[in-house]
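What follows is the content of start.txt (compact mmCIF, C-alpha atoms and all ligand atoms).
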# COMPACT_ATOMS: atom_id res chain seq x y z
CA MET A 44 -16.43 -103.08 -19.25
CA LYS A 45 -15.43 -100.10 -21.43
CA ASN A 46 -16.60 -101.77 -24.64
CA GLU A 47 -19.84 -102.83 -23.12
CA ALA A 48 -20.64 -99.40 -21.71
CA LYS A 49 -20.11 -98.09 -25.24
CA LEU A 50 -22.40 -100.74 -26.64
CA THR A 51 -25.30 -99.94 -24.39
CA SER A 52 -24.90 -96.27 -23.59
CA THR A 53 -24.02 -94.53 -26.84
CA ARG A 54 -25.43 -95.19 -30.22
CA ALA A 55 -23.25 -92.71 -32.07
CA ASP A 56 -21.66 -95.56 -34.03
CA VAL A 57 -25.00 -97.01 -35.15
CA PRO A 58 -26.39 -95.59 -38.38
CA ASP A 59 -29.71 -93.80 -38.12
CA ARG A 60 -32.37 -96.11 -39.39
CA GLY A 61 -35.51 -94.53 -38.19
CA LEU A 62 -38.03 -91.85 -38.74
CA VAL A 63 -39.38 -88.75 -37.01
CA TRP A 64 -42.80 -87.17 -36.80
CA LEU A 65 -42.45 -83.58 -35.63
CA ASN A 66 -45.43 -81.26 -35.16
CA GLY A 67 -47.43 -82.85 -37.94
CA GLN A 68 -44.77 -83.92 -40.44
CA PHE A 69 -42.80 -87.07 -41.12
CA MET A 70 -39.08 -86.56 -41.73
CA ASP A 71 -35.61 -88.08 -41.28
CA PHE A 72 -33.66 -87.53 -38.07
CA ALA A 73 -31.23 -85.30 -39.97
CA ALA A 74 -34.05 -82.98 -41.04
CA ALA A 75 -35.82 -82.74 -37.66
CA ARG A 76 -35.19 -79.41 -35.91
CA VAL A 77 -36.59 -77.91 -32.72
CA SER A 78 -36.14 -74.28 -31.65
CA VAL A 79 -33.35 -73.34 -29.21
CA GLU A 80 -36.14 -71.64 -27.27
CA ASP A 81 -38.05 -74.86 -26.84
CA ARG A 82 -38.98 -75.21 -23.18
CA GLY A 83 -37.87 -78.82 -23.23
CA PHE A 84 -34.36 -77.65 -24.05
CA GLN A 85 -34.47 -74.61 -21.72
CA PHE A 86 -36.26 -75.99 -18.67
CA GLY A 87 -36.85 -79.70 -19.13
CA ASP A 88 -40.50 -78.61 -19.33
CA GLY A 89 -41.88 -81.73 -20.96
CA ILE A 90 -42.91 -85.35 -20.69
CA TYR A 91 -42.21 -88.52 -22.63
CA GLU A 92 -42.96 -92.19 -23.25
CA THR A 93 -41.02 -95.08 -24.74
CA ILE A 94 -42.99 -97.87 -26.39
CA ARG A 95 -41.54 -101.18 -27.55
CA VAL A 96 -42.48 -102.43 -30.99
CA TYR A 97 -42.50 -106.19 -31.58
CA ASP A 98 -42.97 -107.59 -35.05
CA GLY A 99 -44.17 -104.18 -36.23
CA THR A 100 -46.82 -103.88 -33.49
CA PRO A 101 -46.50 -101.36 -30.63
CA PHE A 102 -46.87 -103.24 -27.33
CA ALA A 103 -49.14 -101.94 -24.53
CA ILE A 104 -49.48 -98.63 -26.37
CA GLU A 105 -52.81 -97.82 -24.69
CA GLN A 106 -51.21 -97.94 -21.24
CA HIS A 107 -48.34 -95.73 -22.43
CA ILE A 108 -50.68 -93.14 -23.94
CA GLU A 109 -52.78 -93.19 -20.77
CA ARG A 110 -49.66 -92.51 -18.71
CA LEU A 111 -48.67 -89.73 -21.13
CA SER A 112 -52.07 -88.13 -20.47
CA ARG A 113 -51.57 -88.45 -16.71
CA SER A 114 -48.09 -86.89 -16.94
CA ALA A 115 -49.47 -84.07 -19.09
CA ALA A 116 -52.25 -83.36 -16.58
CA ALA A 117 -49.74 -83.42 -13.71
CA ILE A 118 -47.61 -80.71 -15.32
CA GLU A 119 -50.68 -78.75 -16.54
CA LEU A 120 -49.85 -79.30 -20.19
CA GLU A 121 -52.80 -79.67 -22.52
CA LEU A 122 -52.03 -82.34 -25.09
CA PRO A 123 -52.79 -81.03 -28.58
CA MET A 124 -54.01 -84.43 -29.81
CA SER A 125 -56.28 -87.18 -28.55
CA GLY A 126 -54.96 -90.53 -27.38
CA GLU A 127 -56.32 -92.13 -30.57
CA GLU A 128 -54.38 -89.64 -32.69
CA PHE A 129 -51.15 -90.49 -30.85
CA VAL A 130 -51.76 -94.17 -31.54
CA THR A 131 -52.59 -93.60 -35.22
CA ILE A 132 -49.46 -91.51 -35.80
CA ALA A 133 -47.27 -94.01 -33.95
CA GLN A 134 -48.64 -96.80 -36.13
CA GLU A 135 -48.05 -94.84 -39.30
CA LEU A 136 -44.52 -93.94 -38.20
CA ILE A 137 -43.73 -97.61 -37.61
CA ALA A 138 -45.27 -98.65 -40.93
CA ARG A 139 -43.37 -95.98 -42.88
CA SER A 140 -40.06 -96.90 -41.21
CA GLY A 141 -40.48 -100.57 -42.10
CA LEU A 142 -38.96 -101.43 -38.70
CA LYS A 143 -40.21 -104.55 -36.92
CA GLU A 144 -38.20 -104.65 -33.67
CA ALA A 145 -38.14 -101.02 -32.64
CA GLU A 146 -38.76 -98.35 -30.03
CA VAL A 147 -41.20 -95.48 -30.43
CA TYR A 148 -40.29 -92.43 -28.37
CA ILE A 149 -42.85 -89.68 -27.76
CA GLN A 150 -41.94 -86.33 -26.27
CA VAL A 151 -44.24 -83.39 -25.66
CA THR A 152 -42.91 -80.07 -24.37
CA ARG A 153 -44.64 -76.81 -23.51
CA GLY A 154 -43.41 -75.39 -26.83
CA ALA A 155 -40.99 -72.68 -27.93
CA ALA A 156 -41.14 -69.19 -26.41
CA PRO A 157 -38.72 -66.51 -25.12
CA ARG A 158 -37.05 -67.86 -21.99
CA LEU A 159 -39.20 -66.86 -19.04
CA HIS A 160 -40.14 -69.29 -16.28
CA PRO A 161 -43.95 -68.81 -16.24
CA PHE A 162 -46.01 -70.71 -18.83
CA PRO A 163 -46.07 -68.89 -22.17
CA ILE A 164 -49.46 -67.76 -23.46
CA GLY A 165 -50.81 -68.89 -26.83
CA VAL A 166 -47.92 -71.27 -27.55
CA SER A 167 -48.52 -74.76 -28.99
CA PRO A 168 -46.73 -77.72 -27.44
CA THR A 169 -43.92 -79.33 -29.40
CA VAL A 170 -44.80 -82.94 -30.18
CA VAL A 171 -42.15 -85.29 -31.46
CA MET A 172 -42.37 -89.00 -32.10
CA THR A 173 -39.45 -91.08 -33.28
CA VAL A 174 -39.03 -94.69 -34.24
CA ARG A 175 -35.66 -96.41 -34.10
CA PRO A 176 -34.37 -99.96 -34.12
CA VAL A 177 -34.55 -101.39 -30.59
CA ARG A 178 -31.46 -100.90 -28.43
CA PRO A 179 -29.93 -104.34 -28.13
CA ILE A 180 -29.67 -105.94 -24.70
CA PRO A 181 -26.32 -107.72 -24.19
CA ARG A 182 -26.78 -111.49 -24.14
CA ARG A 183 -24.92 -111.64 -20.82
CA PHE A 184 -27.70 -109.59 -19.23
CA ARG A 185 -30.30 -112.16 -20.31
CA GLU A 186 -28.32 -115.28 -19.57
CA ARG A 187 -26.34 -114.39 -16.48
CA GLY A 188 -28.25 -111.46 -15.01
CA ILE A 189 -27.05 -107.96 -14.20
CA VAL A 190 -25.12 -106.22 -11.46
CA VAL A 191 -26.62 -103.13 -9.84
CA LYS A 192 -25.18 -100.43 -7.63
CA THR A 193 -27.25 -98.39 -5.20
CA PHE A 194 -27.24 -94.60 -4.93
CA PRO A 195 -29.07 -92.08 -2.74
CA ASP A 196 -32.31 -91.06 -4.46
CA GLU A 197 -31.70 -87.35 -4.97
CA ARG A 198 -34.61 -86.84 -7.35
CA TRP A 199 -37.61 -84.62 -6.74
CA ALA A 200 -40.79 -85.67 -4.94
CA ARG A 201 -42.91 -86.41 -8.07
CA CYS A 202 -41.16 -89.40 -9.60
CA ASP A 203 -44.61 -90.67 -10.66
CA ILE A 204 -44.58 -88.09 -13.50
CA LYS A 205 -42.61 -89.18 -16.55
CA THR A 206 -40.82 -85.90 -17.17
CA ILE A 207 -37.80 -85.38 -19.38
CA CYS A 208 -35.84 -83.99 -16.35
CA LEU A 209 -33.61 -87.03 -15.99
CA LEU A 210 -30.32 -85.58 -14.76
CA PRO A 211 -30.17 -87.55 -11.47
CA ASN A 212 -30.97 -90.72 -13.43
CA VAL A 213 -28.27 -89.92 -16.00
CA LEU A 214 -25.65 -89.27 -13.31
CA ALA A 215 -26.50 -92.38 -11.31
CA VAL A 216 -26.41 -94.79 -14.25
CA GLU A 217 -23.18 -93.25 -15.52
CA ARG A 218 -21.57 -93.67 -12.09
CA ALA A 219 -22.88 -97.22 -11.86
CA ARG A 220 -21.38 -98.06 -15.26
CA ARG A 221 -18.03 -96.58 -14.28
CA ALA A 222 -18.08 -98.74 -11.16
CA GLY A 223 -18.64 -101.84 -13.31
CA ALA A 224 -22.40 -102.19 -12.70
CA ASP A 225 -25.15 -102.35 -15.31
CA GLU A 226 -27.91 -100.29 -13.66
CA ALA A 227 -28.23 -98.00 -10.64
CA LEU A 228 -30.97 -98.45 -8.06
CA PHE A 229 -32.14 -95.50 -5.99
CA VAL A 230 -32.51 -95.67 -2.21
CA ARG A 231 -34.56 -93.07 -0.32
CA ASP A 232 -34.63 -93.06 3.50
CA GLY A 233 -33.26 -96.60 3.55
CA LEU A 234 -35.95 -97.85 1.15
CA VAL A 235 -35.32 -99.02 -2.39
CA THR A 236 -37.40 -97.02 -4.85
CA GLU A 237 -36.55 -97.97 -8.45
CA GLY A 238 -33.83 -98.06 -11.08
CA THR A 239 -32.75 -95.13 -13.23
CA SER A 240 -34.99 -96.45 -16.02
CA SER A 241 -36.58 -99.52 -14.47
CA ASN A 242 -38.72 -100.78 -11.60
CA VAL A 243 -37.43 -103.26 -9.05
CA PHE A 244 -38.89 -106.47 -7.63
CA ILE A 245 -37.70 -108.93 -5.00
CA VAL A 246 -38.74 -112.45 -4.15
CA HIS A 247 -39.05 -112.69 -0.38
CA ARG A 248 -40.14 -116.02 1.18
CA GLY A 249 -41.74 -116.96 -2.13
CA GLU A 250 -43.68 -113.70 -2.37
CA VAL A 251 -43.16 -111.31 -5.31
CA VAL A 252 -42.74 -107.81 -3.86
CA THR A 253 -42.30 -104.39 -5.46
CA PRO A 254 -42.47 -100.89 -3.95
CA PRO A 255 -45.89 -99.20 -4.01
CA ALA A 256 -46.72 -96.99 -7.01
CA ASP A 257 -46.78 -93.69 -5.11
CA HIS A 258 -44.98 -90.38 -5.78
CA ARG A 259 -41.58 -92.03 -5.19
CA ILE A 260 -41.58 -94.15 -8.34
CA LEU A 261 -42.81 -94.27 -11.89
CA ALA A 262 -45.67 -96.76 -12.19
CA GLY A 263 -44.01 -98.80 -14.93
CA VAL A 264 -46.19 -100.40 -17.56
CA THR A 265 -43.99 -103.50 -17.42
CA ARG A 266 -44.21 -103.48 -13.60
CA GLY A 267 -48.02 -103.66 -13.89
CA LEU A 268 -47.89 -106.46 -16.44
CA VAL A 269 -45.38 -108.48 -14.41
CA LEU A 270 -47.49 -108.11 -11.24
CA GLU A 271 -50.49 -109.47 -13.17
CA ILE A 272 -48.45 -112.32 -14.59
CA ALA A 273 -47.13 -113.18 -11.12
CA ARG A 274 -50.68 -113.37 -9.75
CA GLY A 275 -51.74 -115.42 -12.77
CA CYS A 276 -48.90 -117.85 -12.04
CA GLY A 277 -50.17 -118.25 -8.48
CA TYR A 278 -47.49 -116.27 -6.66
CA GLN A 279 -48.43 -114.09 -3.72
CA THR A 280 -47.68 -110.47 -4.60
CA ASP A 281 -47.36 -107.35 -2.52
CA GLU A 282 -46.70 -103.68 -3.20
CA ARG A 283 -44.83 -102.54 -0.10
CA GLU A 284 -41.69 -100.73 0.90
CA ILE A 285 -38.44 -102.63 0.50
CA PRO A 286 -35.62 -101.77 2.92
CA LEU A 287 -32.18 -102.00 1.32
CA SER A 288 -31.32 -104.83 3.71
CA ASP A 289 -34.30 -106.86 2.36
CA LEU A 290 -33.15 -106.24 -1.19
CA LYS A 291 -29.70 -107.59 -0.42
CA ALA A 292 -31.09 -110.59 1.47
CA ALA A 293 -33.74 -111.46 -1.16
CA SER A 294 -33.72 -114.88 -2.79
CA GLU A 295 -34.25 -113.17 -6.15
CA VAL A 296 -34.15 -109.62 -7.47
CA PHE A 297 -35.23 -108.45 -10.91
CA ILE A 298 -35.90 -105.22 -12.74
CA THR A 299 -38.54 -104.42 -15.35
CA SER A 300 -38.85 -101.89 -18.14
CA THR A 301 -40.32 -101.54 -21.60
CA VAL A 302 -36.95 -101.98 -23.28
CA LYS A 303 -35.18 -104.26 -20.78
CA GLU A 304 -38.38 -106.32 -20.31
CA VAL A 305 -37.43 -108.38 -17.24
CA LEU A 306 -33.80 -108.78 -16.19
CA ALA A 307 -32.52 -110.80 -13.26
CA VAL A 308 -30.22 -109.00 -10.81
CA VAL A 309 -27.48 -111.25 -9.45
CA ARG A 310 -25.53 -108.74 -7.38
CA VAL A 311 -26.48 -105.59 -5.47
CA ASP A 312 -23.37 -103.62 -4.47
CA ASP A 313 -21.27 -106.33 -2.77
CA ALA A 314 -24.16 -108.67 -1.96
CA VAL A 315 -24.64 -111.74 -4.16
CA ILE A 316 -28.35 -112.46 -4.70
CA GLY A 317 -29.44 -116.07 -4.18
CA ASN A 318 -26.88 -118.36 -5.75
CA GLY A 319 -25.63 -115.61 -8.07
CA GLU A 320 -27.68 -116.80 -11.04
CA PRO A 321 -31.06 -115.79 -12.47
CA GLY A 322 -33.70 -117.50 -10.30
CA ASP A 323 -36.70 -119.70 -11.03
CA VAL A 324 -39.37 -117.07 -10.31
CA PHE A 325 -37.67 -114.65 -12.69
CA ARG A 326 -37.48 -117.36 -15.38
CA ARG A 327 -41.12 -118.26 -15.03
CA LEU A 328 -42.35 -114.66 -15.13
CA TYR A 329 -40.09 -113.74 -18.04
CA ASP A 330 -41.20 -116.78 -20.04
CA VAL A 331 -44.85 -115.83 -19.60
CA TYR A 332 -44.06 -112.17 -20.40
CA ARG A 333 -42.35 -113.18 -23.65
CA SER A 334 -45.21 -115.46 -24.60
CA GLN A 335 -47.62 -112.50 -24.43
CA LEU A 336 -45.68 -110.26 -26.82
CA PRO A 337 -46.93 -109.64 -30.37
CA GLY A 338 -45.61 -112.20 -32.86
CA ARG A 339 -43.53 -113.94 -30.18
CA ARG A 340 -42.57 -117.45 -31.10
CA ARG A 341 -38.84 -117.34 -30.66
CA ALA A 342 -36.79 -118.36 -27.66
CA PRO A 343 -36.20 -115.67 -24.99
CA GLY A 344 -33.33 -113.34 -25.72
CA SER A 345 -33.04 -114.31 -29.37
CA GLU A 346 -32.56 -110.73 -30.50
CA SER A 347 -30.09 -109.82 -27.79
CA VAL A 348 -26.52 -109.32 -28.92
CA GLU A 349 -23.19 -110.86 -28.02
CA GLU A 350 -20.98 -108.61 -25.99
CA SER A 351 -18.23 -107.01 -27.97
CA ARG A 352 -15.52 -108.10 -25.57
N1 LIG B 1 -38.85 -96.15 -13.65
C1 LIG B 1 -38.23 -95.19 -14.37
C2 LIG B 1 -37.58 -94.06 -13.65
C3 LIG B 1 -38.19 -95.28 -15.78
O1 LIG B 1 -37.59 -94.31 -16.50
C4 LIG B 1 -38.78 -96.40 -16.41
C5 LIG B 1 -38.70 -96.56 -17.91
N2 LIG B 1 -39.50 -95.64 -18.57
C6 LIG B 1 -39.42 -97.36 -15.62
C7 LIG B 1 -39.44 -97.20 -14.25
C8 LIG B 1 -40.10 -98.54 -16.26
O2 LIG B 1 -41.29 -98.15 -16.86
P1 LIG B 1 -41.93 -98.95 -18.08
O3 LIG B 1 -42.06 -100.37 -17.65
O4 LIG B 1 -43.22 -98.29 -18.32
O5 LIG B 1 -40.97 -98.81 -19.23

Written as structure tokens, how would this file's structure read?
Ligand code: PMP
Amino acid sequence: MKNEAKLTSTRADVPDRGLVWLNGQFMDFAAARVSVEDRGFQFGDGIYETIRVYDGTPFAIEQHIERLSRSAAAIELELPMSGEEFVTIAQELIARSGLKEAEVYIQVTRGAAPRLHPFPIGVSPTVVMTVRPVRPIPRRFRERGIVVKTFPDERWARCDIKTICLLPNVLAVERARRAGADEALFVRDGLVTEGTSSNVFIVHRGEVVTPPADHRILAGVTRGLVLEIARGCGYQTDEREIPLSDLKAASEVFITSTVKEVLAVVRVDDAVIGNGEPGDVFRRLYDVYRSQLPGRRRAPGSESVEESR
């Protein structure tokens, strides 16, 4: 488990192939510098997006930029560029990097100013975009599914905003990893909300169910796509609350995210899900998801990596 945690949680051993755009300029990671007075660093006063790049094409970028705009509005941050400008810069960043299978990360903070809590006046936001090779997903995750551990949801009451304040998420996933699990799922008032960086679905009596996209969860782009795919495949879908007991008793559980795509969950705490293997509904939805990705012709999971143990 130690080796694997290293593989998926720290990239310190992976050379930096990638590129940064910071406040109007392209540069290497080594050259990119942000002020110690940046409000992202001081207060977590910022928002972000992660976009998956397939075959050199950013996937679902419009939805991500739309969500970035919603997050910005929710924290009263005026974005200094239009949505189209974000898309153009992201495309140029990808092209300049030469990367094909990559992740674009966008972060916007309220800028750098002497450390006082109220909004600074006359300060421009800091905008950073990076592109890096995609973080590999262990092949075991794809083929055999993942194990999740549940934790009390101790986050704030606006989890619908994609802010960079991720400390509860960081702590939960770290504790899950140490306990031998691959992802942590949050539970609030007995109801499952979402993962630390993923949304959660169950299959209950043949119906595909996920918690409603209210203030308790981030409305994942992948979540939306998977719901559409499920309807397109003829499954009944519902967005309703999921008690922890229903999660553990579900015939299938899976999580979704931009980077993880769709991953089957085969164990929740001590409860084995279904027969302990990725289920048929998951397989069907993931197959269709893969078929819709830019330049996709290869078999699912072909760019996932072998575990190092
Ligand atoms: N919930 C949380 C808390 C997340 O951080 C993420 C990943 N950004 C998701 C859900 C999944 O969202 P998406 O499908 O847009 O990547």

Taking all atoms listed in the file into account, which residues are within 6 Å of ligand LIG 1 (chain B), as number ranges by chain? A: 237-242, 261, 263-266, 299-301

If you count all atoms listed in the file, which residues fall within 9 Å of segment 108-116 of chain A, apart from same-chain ones fewer than 3 positions away, as a PyMOL selection string? chain A and resi 89-92+103-105+119-122+126-127+129-130+149+151+203-206+262+264

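Excluding Glu146 of chain A itself and any same-chain residue fewer than 2 positions from it, the protein and nucleic acid residues within 10 Å of it, counting all atoms listed in the file, are Gly61, Thr93, Ile94, Arg95, Val96, Tyr97, Pro101, Phe102, Ile137, Leu142, Lys143, Glu144, Tyr148, Ile149, Thr173, Val174, Arg175, Pro176, Val177, Arg178, Thr301 and Val302 of chain A.
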
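With all atoms listed in the file as the atoms that count, the residue of A:His247, A:Arg158, A:Arg274, A:Arg201 with the shortest distance to Gly317 of chain A is A:His247.
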
Can you measure atom CA of Val252 of chain A to atom CA of Phe184 of chain A for me? One decimal in Å is fine.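 According to the coordinates, atom CA of Val252 of chain A and atom CA of Phe184 of chain A are separated by 21.6 Å.
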
Test item: residues at most 8 Å from Pro321 of chain A, only C-alpha atoms, excluding those fewer than 4 positions along its chain, as number ranges by chain: A: 186-188, 295, 307-309, 325-326

Which one of A:Ile189, A:Leu228, A:Leu65, A:Ala200 sits closest to Thr152 of chain A if you count only C-alpha atoms?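 The closest residue to Thr152 of chain A is A:Leu65.
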
Using only C-alpha atoms, what does the table of segment 221-255 of chain A residues within 8 Å of segment 287-294 of chain A look like, with each row giving the shortest atom pair and its distance in Å to one decimal, sorted by chain and ascending number, as CSV?
residue,atom,partner,partner_atom,distance
A:Val230,CA,A:Leu287,CA,7.3
A:Gly233,CA,A:Leu287,CA,5.9
A:Leu234,CA,A:Leu287,CA,5.6
A:Val235,CA,A:Leu287,CA,5.7
A:Ile245,CA,A:Ala293,CA,6.1
A:Val246,CA,A:Ser294,CA,5.7
A:His247,CA,A:Ala293,CA,5.5
A:Arg248,CA,A:Ser294,CA,7.6

Atom CA of Pro161 of chain A and atom CA of Asp88 of chain A are how many Å apart?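 Calculated distance between atom CA of Pro161 of chain A and atom CA of Asp88 of chain A is 10.8 Å.
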
Skip Cys276 of chain A itself and residues of its chain fewer than 5 positions away, then list as number ranges by chain all residues within 10 Å of it, counting all atoms listed in the file. A: 270-271, 324, 327-328, 331

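Nearest to Lys192 of chain A of all the residues A:Ile298, A:Ile118, A:Ala222, A:Val79 is A:Ala222, based on all atoms listed in the file.
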
Which is closest to Gln85 of chain A among A:Phe244, A:Gly154, A:Val166, A:Asp323, if we use all atoms listed in the file? A:Gly154

Which polymer residues have any atom within 10 Å of an atom of Ala227 of chain A, counting only C-alpha atoms, with same-chain residues fewer than 4 positions away left out, as a list in words?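 Residues meeting the cut-off are Val190, Val191, Lys192, Thr193, Phe194, Pro195, Asn212, Val213, Leu214, Ala215, Val216, Glu217, Arg218, Ala219, Arg220, Glu237, Gly238, Thr239, Ser240, Ser241, Val311 and Asp312 of chain A.
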
One-decimal distance in Å that lies between atom CA of Arg185 of chain A and atom CA of Thr236 of chain A: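 Atom CA of Arg185 of chain A lies at a distance of 22.8 Å from atom CA of Thr236 of chain A.
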
Let me make sure I understand: among A:Ala314, A:Ala117, A:Met124, A:Leu209, which one has the smallest atom-to-atom distance to Glu197 of chain A if we use only C-alpha atoms?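 The answer is A:Leu209, which sits nearest to Glu197 of chain A.
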
Closest of A:Phe72, A:Phe229, A:Phe86, A:Tyr329 to Leu159 of chain A - atom-to-atom distances counting only C-alpha atoms: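 Closest residue, counting only C-alpha atoms: A:Phe86.
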
Incomplete segment 80-95 of chain A filled out to N, CA, C and O atoms as a PDB file, keeping the file's coordinate frame:
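The result, stored in result-v7.pdb:
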ATOM      1  N   GLU A  80     -35.294 -72.192 -28.344  1.00  0.00           N
ATOM      2  CA  GLU A  80     -36.140 -71.640 -27.270  1.00  0.00           C
ATOM      3  C   GLU A  80     -37.194 -72.652 -26.816  1.00  0.00           C
ATOM      4  O   GLU A  80     -38.081 -72.310 -26.030  1.00  0.00           O
ATOM      5  N   ASP A  81     -37.074 -73.870 -27.294  1.00  0.00           N
ATOM      6  CA  ASP A  81     -38.050 -74.860 -26.840  1.00  0.00           C
ATOM      7  C   ASP A  81     -37.907 -75.057 -25.336  1.00  0.00           C
ATOM      8  O   ASP A  81     -36.793 -75.176 -24.802  1.00  0.00           O
ATOM      9  N   ARG A  82     -39.027 -75.114 -24.650  1.00  0.00           N
ATOM     10  CA  ARG A  82     -38.980 -75.210 -23.180  1.00  0.00           C
ATOM     11  C   ARG A  82     -38.490 -76.563 -22.694  1.00  0.00           C
ATOM     12  O   ARG A  82     -38.073 -76.700 -21.537  1.00  0.00           O
ATOM     13  N   GLY A  83     -38.510 -77.553 -23.584  1.00  0.00           N
ATOM     14  CA  GLY A  83     -37.870 -78.820 -23.230  1.00  0.00           C
ATOM     15  C   GLY A  83     -36.376 -78.609 -23.082  1.00  0.00           C
ATOM     16  O   GLY A  83     -35.750 -79.021 -22.096  1.00  0.00           O
ATOM     17  N   PHE A  84     -35.802 -77.943 -24.027  1.00  0.00           N
ATOM     18  CA  PHE A  84     -34.360 -77.650 -24.050  1.00  0.00           C
ATOM     19  C   PHE A  84     -33.997 -76.673 -22.923  1.00  0.00           C
ATOM     20  O   PHE A  84     -32.995 -76.849 -22.230  1.00  0.00           O
ATOM     21  N   GLN A  85     -34.804 -75.649 -22.702  1.00  0.00           N
ATOM     22  CA  GLN A  85     -34.470 -74.610 -21.720  1.00  0.00           C
ATOM     23  C   GLN A  85     -34.732 -75.018 -20.277  1.00  0.00           C
ATOM     24  O   GLN A  85     -33.964 -74.678 -19.385  1.00  0.00           O
ATOM     25  N   PHE A  86     -35.839 -75.721 -20.055  1.00  0.00           N
ATOM     26  CA  PHE A  86     -36.260 -75.990 -18.670  1.00  0.00           C
ATOM     27  C   PHE A  86     -36.505 -77.471 -18.362  1.00  0.00           C
ATOM     28  O   PHE A  86     -36.850 -77.799 -17.230  1.00  0.00           O
ATOM     29  N   GLY A  87     -36.413 -78.306 -19.359  1.00  0.00           N
ATOM     30  CA  GLY A  87     -36.850 -79.700 -19.130  1.00  0.00           C
ATOM     31  C   GLY A  87     -38.354 -79.731 -18.912  1.00  0.00           C
ATOM     32  O   GLY A  87     -38.869 -80.595 -18.192  1.00  0.00           O
ATOM     33  N   ASP A  88     -39.055 -78.778 -19.559  1.00  0.00           N
ATOM     34  CA  ASP A  88     -40.500 -78.610 -19.330  1.00  0.00           C
ATOM     35  C   ASP A  88     -41.262 -79.506 -20.311  1.00  0.00           C
ATOM     36  O   ASP A  88     -41.851 -79.037 -21.292  1.00  0.00           O
ATOM     37  N   GLY A  89     -41.213 -80.807 -20.043  1.00  0.00           N
ATOM     38  CA  GLY A  89     -41.880 -81.730 -20.960  1.00  0.00           C
ATOM     39  C   GLY A  89     -41.981 -83.131 -20.380  1.00  0.00           C
ATOM     40  O   GLY A  89     -41.471 -83.407 -19.282  1.00  0.00           O
ATOM     41  N   ILE A  90     -42.634 -83.975 -21.123  1.00  0.00           N
ATOM     42  CA  ILE A  90     -42.910 -85.350 -20.690  1.00  0.00           C
ATOM     43  C   ILE A  90     -42.631 -86.295 -21.853  1.00  0.00           C
ATOM     44  O   ILE A  90     -42.480 -85.844 -22.999  1.00  0.00           O
ATOM     45  N   TYR A  91     -42.556 -87.590 -21.554  1.00  0.00           N
ATOM     46  CA  TYR A  91     -42.210 -88.520 -22.630  1.00  0.00           C
ATOM     47  C   TYR A  91     -42.744 -89.916 -22.346  1.00  0.00           C
ATOM     48  O   TYR A  91     -43.199 -90.207 -21.225  1.00  0.00           O
ATOM     49  N   GLU A  92     -42.645 -90.756 -23.358  1.00  0.00           N
ATOM     50  CA  GLU A  92     -42.960 -92.190 -23.250  1.00  0.00           C
ATOM     51  C   GLU A  92     -42.040 -92.954 -24.200  1.00  0.00           C
ATOM     52  O   GLU A  92     -41.669 -92.444 -25.262  1.00  0.00           O
ATOM     53  N   THR A  93     -41.714 -94.167 -23.832  1.00  0.00           N
ATOM     54  CA  THR A  93     -41.020 -95.080 -24.740  1.00  0.00           C
ATOM     55  C   THR A  93     -41.874 -96.331 -24.877  1.00  0.00           C
ATOM     56  O   THR A  93     -42.293 -96.907 -23.868  1.00  0.00           O
ATOM     57  N   ILE A  94     -42.126 -96.713 -26.116  1.00  0.00           N
ATOM     58  CA  ILE A  94     -42.990 -97.870 -26.390  1.00  0.00           C
ATOM     59  C   ILE A  94     -42.195 -98.879 -27.205  1.00  0.00           C
ATOM     60  O   ILE A  94     -41.534 -98.509 -28.177  1.00  0.00           O
ATOM     61  N   ARG A  95     -42.270-100.136 -26.820  1.00  0.00           N
ATOM     62  CA  ARG A  95     -41.540-101.180 -27.550  1.00  0.00           C
ATOM     63  C   ARG A  95     -42.421-101.710 -28.681  1.00  0.00           C
ATOM     64  O   ARG A  95     -43.634-101.916 -28.494  1.00  0.00           O
TER      65      ARG A  95
END
